[in-house]
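This is target.csv (CSV, C-alpha atoms).
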chain,number,residue,atom,x,y,z
A,1,MET,CA,88.6,97.1,95.4
A,2,ARG,CA,88.9,97.1,91.7
A,3,LEU,CA,91.3,99.9,91.2
A,4,LYS,CA,94.5,100.1,89.1
A,5,ARG,CA,97.7,99.8,91.1
A,6,LYS,CA,99.6,103.0,91.7
A,7,GLU,CA,96.6,105.2,90.8
A,8,LYS,CA,94.5,104.6,93.9
A,9,THR,CA,94.5,102.4,97.0
A,10,ILE,CA,93.9,98.7,96.6
A,11,LEU,CA,92.1,96.9,99.4
A,12,LEU,CA,93.1,93.5,100.7
A,13,MET,CA,91.7,91.2,103.3
A,14,LYS,CA,92.5,87.8,104.8
A,15,THR,CA,89.8,85.6,106.2
A,16,GLU,CA,89.9,82.2,107.7
A,17,ASP,CA,87.8,79.1,107.1
A,18,GLU,CA,86.3,77.0,109.8
A,19,ASP,CA,89.6,75.1,110.2
A,20,GLY,CA,91.5,78.3,110.8
A,21,ASN,CA,93.1,78.3,107.3
A,22,GLY,CA,93.0,81.2,104.8
A,23,ASP,CA,90.3,81.4,102.2
A,24,ASN,CA,91.8,79.7,99.1
A,25,ASP,CA,91.0,79.8,95.4
A,26,GLU,CA,91.3,76.6,93.3
A,27,ASP,CA,95.1,76.7,93.1
A,28,GLY,CA,95.4,76.6,96.9
A,29,PHE,CA,96.5,80.1,97.7
A,30,GLN,CA,95.1,82.6,100.1
A,31,MET,CA,93.6,85.6,98.4
A,32,GLY,CA,91.9,88.8,99.3
A,33,THR,CA,88.1,88.5,99.3
A,34,ASN,CA,87.9,91.5,96.9
A,35,VAL,CA,89.6,89.5,94.2
A,36,SER,CA,86.7,88.0,92.3
A,37,ARG,CA,86.8,85.7,89.3
A,38,GLU,CA,84.1,87.8,87.6
A,39,ASN,CA,86.0,91.1,87.8
A,40,ARG,CA,89.6,90.5,86.7
A,41,ASN,CA,89.8,93.2,84.0
A,42,GLU,CA,92.2,95.1,86.3
A,43,ARG,CA,95.1,94.3,88.5
A,44,TYR,CA,95.0,93.1,92.1
A,45,THR,CA,97.6,92.6,94.8
A,46,HIS,CA,98.0,89.4,96.7
A,47,VAL,CA,100.2,89.3,99.8
A,48,PHE,CA,101.7,86.1,101.0
A,49,GLU,CA,102.9,86.8,104.6
A,50,SER,CA,104.7,83.8,106.2
A,51,THR,CA,106.9,83.0,109.1
A,52,PHE,CA,109.0,80.7,106.9
A,53,GLU,CA,110.4,79.0,110.0
A,54,SER,CA,113.1,77.2,108.1
A,55,GLU,CA,115.0,77.2,104.8
A,56,ASP,CA,113.2,73.9,103.9
A,57,ALA,CA,109.8,75.8,104.2
A,58,ILE,CA,111.2,78.4,101.6
A,59,GLU,CA,112.3,75.6,99.3
A,60,GLU,CA,108.8,74.0,99.5
A,61,TYR,CA,107.1,77.2,98.7
A,62,VAL,CA,109.3,78.0,95.8
A,63,ALA,CA,108.9,74.4,94.4
A,64,SER,CA,105.2,74.6,94.5
A,65,PRO,CA,103.6,75.2,91.0
A,66,ALA,CA,100.7,76.9,92.6
A,67,HIS,CA,102.5,80.1,93.5
A,68,VAL,CA,103.7,80.4,89.9
A,69,GLU,CA,100.1,80.0,88.5
A,70,PHE,CA,98.8,82.5,90.9
A,71,ALA,CA,101.1,85.3,89.7
A,72,ASN,CA,99.4,86.1,86.4
A,73,LYS,CA,98.5,89.1,84.4
A,74,PHE,CA,95.6,89.9,86.8
A,75,VAL,CA,97.5,89.6,90.1
A,76,ASP,CA,100.6,91.1,91.6
A,77,VAL,CA,102.1,88.8,94.2
A,78,ILE,CA,104.1,90.2,97.0
A,79,VAL,CA,105.9,87.8,99.4
A,80,ALA,CA,106.7,89.0,102.9
A,81,PRO,CA,109.2,86.7,104.7
A,82,PRO,CA,111.0,87.4,107.9
A,83,PHE,CA,114.0,89.6,107.5
A,84,VAL,CA,116.6,86.9,107.8
A,85,TYR,CA,115.1,85.1,104.8
A,86,ILE,CA,114.4,88.0,102.5
A,87,ASP,CA,117.5,87.6,100.4
A,88,GLN,CA,117.0,83.9,100.0
A,89,VAL,CA,113.4,84.3,99.0
A,90,LYS,CA,114.2,87.1,96.6
A,91,ASN,CA,116.9,85.1,94.9
A,92,SER,CA,114.6,82.0,94.7
A,93,LEU,CA,111.6,83.6,93.1
A,94,ALA,CA,111.0,84.9,89.5
A,95,ASP,CA,111.4,88.7,88.9
A,96,ARG,CA,107.6,89.1,88.6
A,97,PHE,CA,107.3,88.5,92.4
A,98,GLU,CA,107.9,91.5,94.6
A,99,ILE,CA,109.4,91.3,98.1
A,100,SER,CA,108.1,93.0,101.2
A,101,ALA,CA,109.6,93.4,104.7
A,102,GLN,CA,107.4,92.9,107.8
A,103,ASN,CA,108.6,96.1,109.6
A,104,SER,CA,110.8,99.2,109.2
A,105,TRP,CA,112.1,102.0,111.4
A,106,THR,CA,110.8,105.6,111.5
A,107,GLY,CA,113.9,107.3,110.1
A,108,LYS,CA,117.4,106.9,108.7
A,109,GLY,CA,119.9,104.9,110.6
A,110,GLY,CA,121.0,105.5,114.2
A,111,ALA,CA,122.0,103.4,117.3
A,112,LEU,CA,118.9,101.2,117.2
A,113,THR,CA,119.9,97.7,117.9
A,114,GLY,CA,117.6,95.1,116.4
A,115,GLU,CA,115.7,97.5,114.1
A,116,ILE,CA,115.6,97.5,110.3
A,117,SER,CA,115.9,100.8,108.3
A,118,VAL,CA,114.2,101.6,105.1
A,119,GLU,CA,117.6,102.0,103.5
A,120,GLN,CA,118.6,98.5,104.5
A,121,LEU,CA,115.4,97.1,103.0
A,122,LYS,CA,115.8,98.8,99.7
A,123,ASP,CA,119.5,97.8,99.6
A,124,ILE,CA,118.5,94.1,99.6
A,125,GLY,CA,115.7,94.6,97.0
A,126,CYS,CA,112.5,95.2,99.0
A,127,LYS,CA,109.9,97.2,97.3
A,128,TRP,CA,107.3,97.0,100.1
A,129,VAL,CA,106.9,97.0,103.8
A,130,ILE,CA,104.0,96.0,106.0
A,131,LEU,CA,103.2,98.7,108.6
A,132,GLY,CA,100.5,98.9,111.3
A,133,HIS,CA,100.0,95.1,111.6
A,134,SER,CA,97.8,94.1,114.5
A,135,GLU,CA,100.6,92.1,116.1
A,136,ARG,CA,102.9,95.2,116.0
A,137,ARG,CA,100.1,97.2,117.6
A,138,HIS,CA,98.8,94.9,120.2
A,139,VAL,CA,101.8,92.7,121.1
A,140,ILE,CA,104.7,95.0,120.5
A,141,GLY,CA,102.8,98.1,121.6
A,142,GLU,CA,103.2,100.4,118.6
A,143,ASP,CA,100.7,103.3,118.7
A,144,ASP,CA,99.1,105.3,115.9
A,145,GLN,CA,101.6,108.2,116.2
A,146,PHE,CA,104.6,105.8,115.9
A,147,ILE,CA,103.1,103.9,113.0
A,148,GLY,CA,102.4,107.2,111.2
A,149,LYS,CA,106.0,108.2,111.4
A,150,LYS,CA,107.0,104.8,109.9
A,151,VAL,CA,104.6,105.2,107.0
A,152,ALA,CA,105.7,108.8,106.3
A,153,TYR,CA,109.4,107.9,106.2
A,154,ALA,CA,109.0,104.7,104.1
A,155,LEU,CA,107.0,106.6,101.4
A,156,SER,CA,109.4,109.5,101.5
A,157,GLN,CA,112.1,107.0,100.5
A,158,ASP,CA,110.0,105.4,97.8
A,159,LEU,CA,109.3,102.2,99.7
A,160,ASN,CA,105.7,101.1,99.1
A,161,VAL,CA,103.5,100.5,102.2
A,162,MET,CA,100.9,97.9,103.0
A,163,ALA,CA,98.9,99.8,105.6
A,164,CYS,CA,97.1,97.4,108.0
A,165,ILE,CA,93.8,98.1,109.7
A,166,GLY,CA,91.3,96.0,111.6
A,167,GLU,CA,89.2,95.8,114.8
A,168,LYS,CA,89.4,93.6,117.9
A,169,LEU,CA,86.6,91.4,118.9
A,170,GLU,CA,85.3,93.7,121.7
A,171,GLU,CA,85.3,96.6,119.2
A,172,ARG,CA,83.2,94.6,116.7
A,173,GLU,CA,80.8,93.5,119.4
A,174,ALA,CA,80.4,97.1,120.6
A,175,GLY,CA,79.6,98.2,117.0
A,176,LYS,CA,82.8,100.2,116.6
A,177,THR,CA,84.2,98.4,113.6
A,178,PHE,CA,83.8,101.4,111.2
A,179,ASP,CA,85.0,103.9,113.9
A,180,VAL,CA,88.2,101.9,114.5
A,181,CYS,CA,88.9,101.4,110.8
A,182,TYR,CA,88.3,105.1,110.2
A,183,GLN,CA,90.7,106.1,112.9
A,184,ARG,CA,93.4,103.7,111.6
A,185,LEU,CA,92.9,105.0,108.1
A,186,LYS,CA,93.0,108.6,109.2
A,187,VAL,CA,96.4,108.0,110.8
A,188,PHE,CA,97.8,106.9,107.5
A,189,ALA,CA,96.1,109.7,105.6
A,190,ASP,CA,97.5,112.3,108.0
A,191,ASN,CA,101.1,111.1,107.3
A,192,ILE,CA,101.1,110.7,103.5
A,193,PRO,CA,100.8,113.1,100.5
A,194,SER,CA,98.7,110.8,98.4
A,195,TRP,CA,97.5,107.1,98.2
A,196,ASP,CA,100.1,106.3,95.6
A,197,GLY,CA,102.3,103.5,96.7
A,198,VAL,CA,99.9,102.4,99.4
A,199,VAL,CA,97.8,99.2,99.7
A,200,ILE,CA,95.2,99.1,102.5
A,201,ALA,CA,95.1,95.6,104.1
A,202,TYR,CA,92.0,95.0,106.1
A,203,GLU,CA,92.3,92.1,108.5
A,204,PRO,CA,89.9,91.7,111.5
A,205,VAL,CA,92.0,91.0,114.6
A,206,TRP,CA,89.3,88.9,116.1
A,207,ALA,CA,89.6,86.4,113.2
A,208,ILE,CA,93.3,85.7,113.7
A,209,GLY,CA,93.9,82.3,115.3
A,210,THR,CA,90.7,82.5,117.4
A,211,GLY,CA,88.6,80.0,115.5
A,212,LYS,CA,86.1,82.7,114.7
A,213,VAL,CA,85.5,83.2,111.0
A,214,ALA,CA,85.2,86.6,109.2
A,215,SER,CA,82.8,86.1,106.3
A,216,PRO,CA,83.2,87.7,102.9
A,217,GLN,CA,80.0,89.7,103.6
A,218,GLN,CA,81.6,91.2,106.8
A,219,ALA,CA,84.7,92.0,104.7
A,220,GLN,CA,82.7,93.7,102.0
A,221,GLU,CA,80.8,95.8,104.5
A,222,VAL,CA,84.1,97.3,105.6
A,223,HIS,CA,85.4,97.6,102.0
A,224,VAL,CA,82.4,99.7,101.1
A,225,VAL,CA,83.2,102.2,103.8
A,226,LEU,CA,86.9,102.2,102.9
A,227,LYS,CA,86.1,102.8,99.3
A,228,LYS,CA,84.1,105.9,100.1
A,229,LEU,CA,86.9,107.2,102.3
A,230,THR,CA,89.6,106.7,99.7
A,231,SER,CA,87.5,107.5,96.6
A,232,SER,CA,89.0,111.0,96.2
A,233,ARG,CA,92.5,111.5,94.8
A,234,THR,CA,93.1,113.9,97.7
A,235,LEU,CA,92.9,113.2,101.4
A,236,GLU,CA,90.6,116.1,102.2
A,237,SER,CA,87.6,113.7,102.6
A,238,ILE,CA,89.1,112.1,105.7
Rewrite the coordinates I just gave you, this time as structure tokens.
Amino acid sequence: MRLKRKEKTILLMKTEDEDGNGDNDEDGFQMGTNVSRENRNERYTHVFESTFESEDAIEEYVASPAHVEFANKFVDVIVAPPFVYIDQVKNSLADRFEISAQNSWTGKGGALTGEISVEQLKDIGCKWVILGHSERRHVIGEDDQFIGKKVAYALSQDLNVMACIGEKLEEREAGKTFDVCYQRLKVFADNIPSWDGVVIAYEPVWAIGTGKVASPQQAQEVHVVLKKLTSSRTLESI
């Protein structure tokens, strides 16, 4: 979605090729299908979400010239490592790269062993957090109400949010893709004052590690609907 960052919502999507790898541009990095070579007169956001299973993996990523080339005047790159590696990744990358966490809690502090607060994330330099990811929904069991609380608190503390939406295979096959995405989007809309500081990340759950491929056309069909729903500067249209 060709919109300027901070003014309106930016849309992202990850797809997979036939080998199960992300769609790549010529420098080898996965990018949202909405980032076209023909329309780079405005800024885009690229999110690199990785498990970074070791410190060696971090060093390999940092040493790669491709990640430097990808962060140019057209693209904001946000790296989202696991919590234990956030500080190392942040200190290893240039200042033009922003850091995101993969999760945060619904409020300030408390006796919540194992959770990460927004305040802790900001303290170590995070500017973003990923919320509503399909794995948090379907594996951990987070529901819409719980995710909505997380989004509201993160934004209230000036932590930007990557709001994840996407449908499961049975929902797509039943023709419910737009209904599911609408419901997910409405949950976010009901919990925020505006779209400032929010990136919508569309990722079809059925194309994650299944061998099935989400085509650019399928992505754009969803993007068209999302653009209509987020075209207003208010949330009254949802």
Using only C-alpha atoms, find the one residue out of A:Val151, A:Ala57, A:Leu112, A:Ala201 that sits nearest to His133 of chain A.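 Checking each of A:Val151, A:Ala57, A:Leu112, A:Ala201 against His133 of chain A, counting only C-alpha atoms, the winner is A:Ala201.
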So which one's closest to Glu98 of chain A, A:Ala111, A:Leu159, A:Leu131, A:Ile192? Using all atoms listed in the file, please.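 Comparing A:Ala111, A:Leu159, A:Leu131, A:Ile192 against Glu98 of chain A, the winner is A:Leu159.
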Within 12 Å of Asp123 of chain A using all atoms listed in the file, minus same-chain residues under 5 positions, as a ChimeraX atom specification: /A:86-87,101,116-118,157,159
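Take atom CA of Lys176 of chain A and atom CA of Ala163 of chain A: the distance between them is 19.5 Å.
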Near Val187 of chain A, counting only C-alpha atoms, which residues have an atom at most 8 Å away, once you skip same-chain residues fewer than 3 positions from it, shown as a PyMOL selection string? chain A and resi 144-145+148+183-184+190-191
Could you check which of A:Glu115, A:Val199, A:Ser194, A:Asp143 is closest to Ile130 of chain A, using all atoms listed in the file? A:Val199
Please, what is the axis-aligned box for every listed atom of segment 179-187 of chain A with 4 Å on each side, as centre and edge lengths in Å to one decimal, as AutoDock Vina command-line options?
--center_x 90.7 --center_y 105.0 --center_z 111.3 --size_x 19.4 --size_y 15.2 --size_z 14.4
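Distance-wise, atom CA of Ile78 of chain A and atom CA of Tyr202 of chain A end up 15.9 Å apart.
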Could you tell me how far atom CA of Asp95 of chain A sits from atom CA of Lys108 of chain A, in Å to one decimal place?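 About the pair atom CA of Lys108 of chain A and atom CA of Asp95 of chain A: they are 27.6 Å apart.
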Measuring atom to atom with only C-alpha atoms, identify which of A:Phe83, A:Trp128, A:Phe178, A:Phe97 is nearest to Gly114 of chain A.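 Result for the nearest residue to Gly114 of chain A: A:Phe83.
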Measuring atom to atom with only C-alpha atoms, identify which of A:Gln88, A:Ser104, A:Ser134, A:Gln120 is nearest to Lys149 of chain A. A:Ser104
Between A:Lys168, A:Leu121, A:Val75, A:Thr113, which has the minimum distance to Ser100 of chain A (counting all atoms listed in the file)?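 Comparing A:Lys168, A:Leu121, A:Val75, A:Thr113 against Ser100 of chain A, the winner is A:Leu121.
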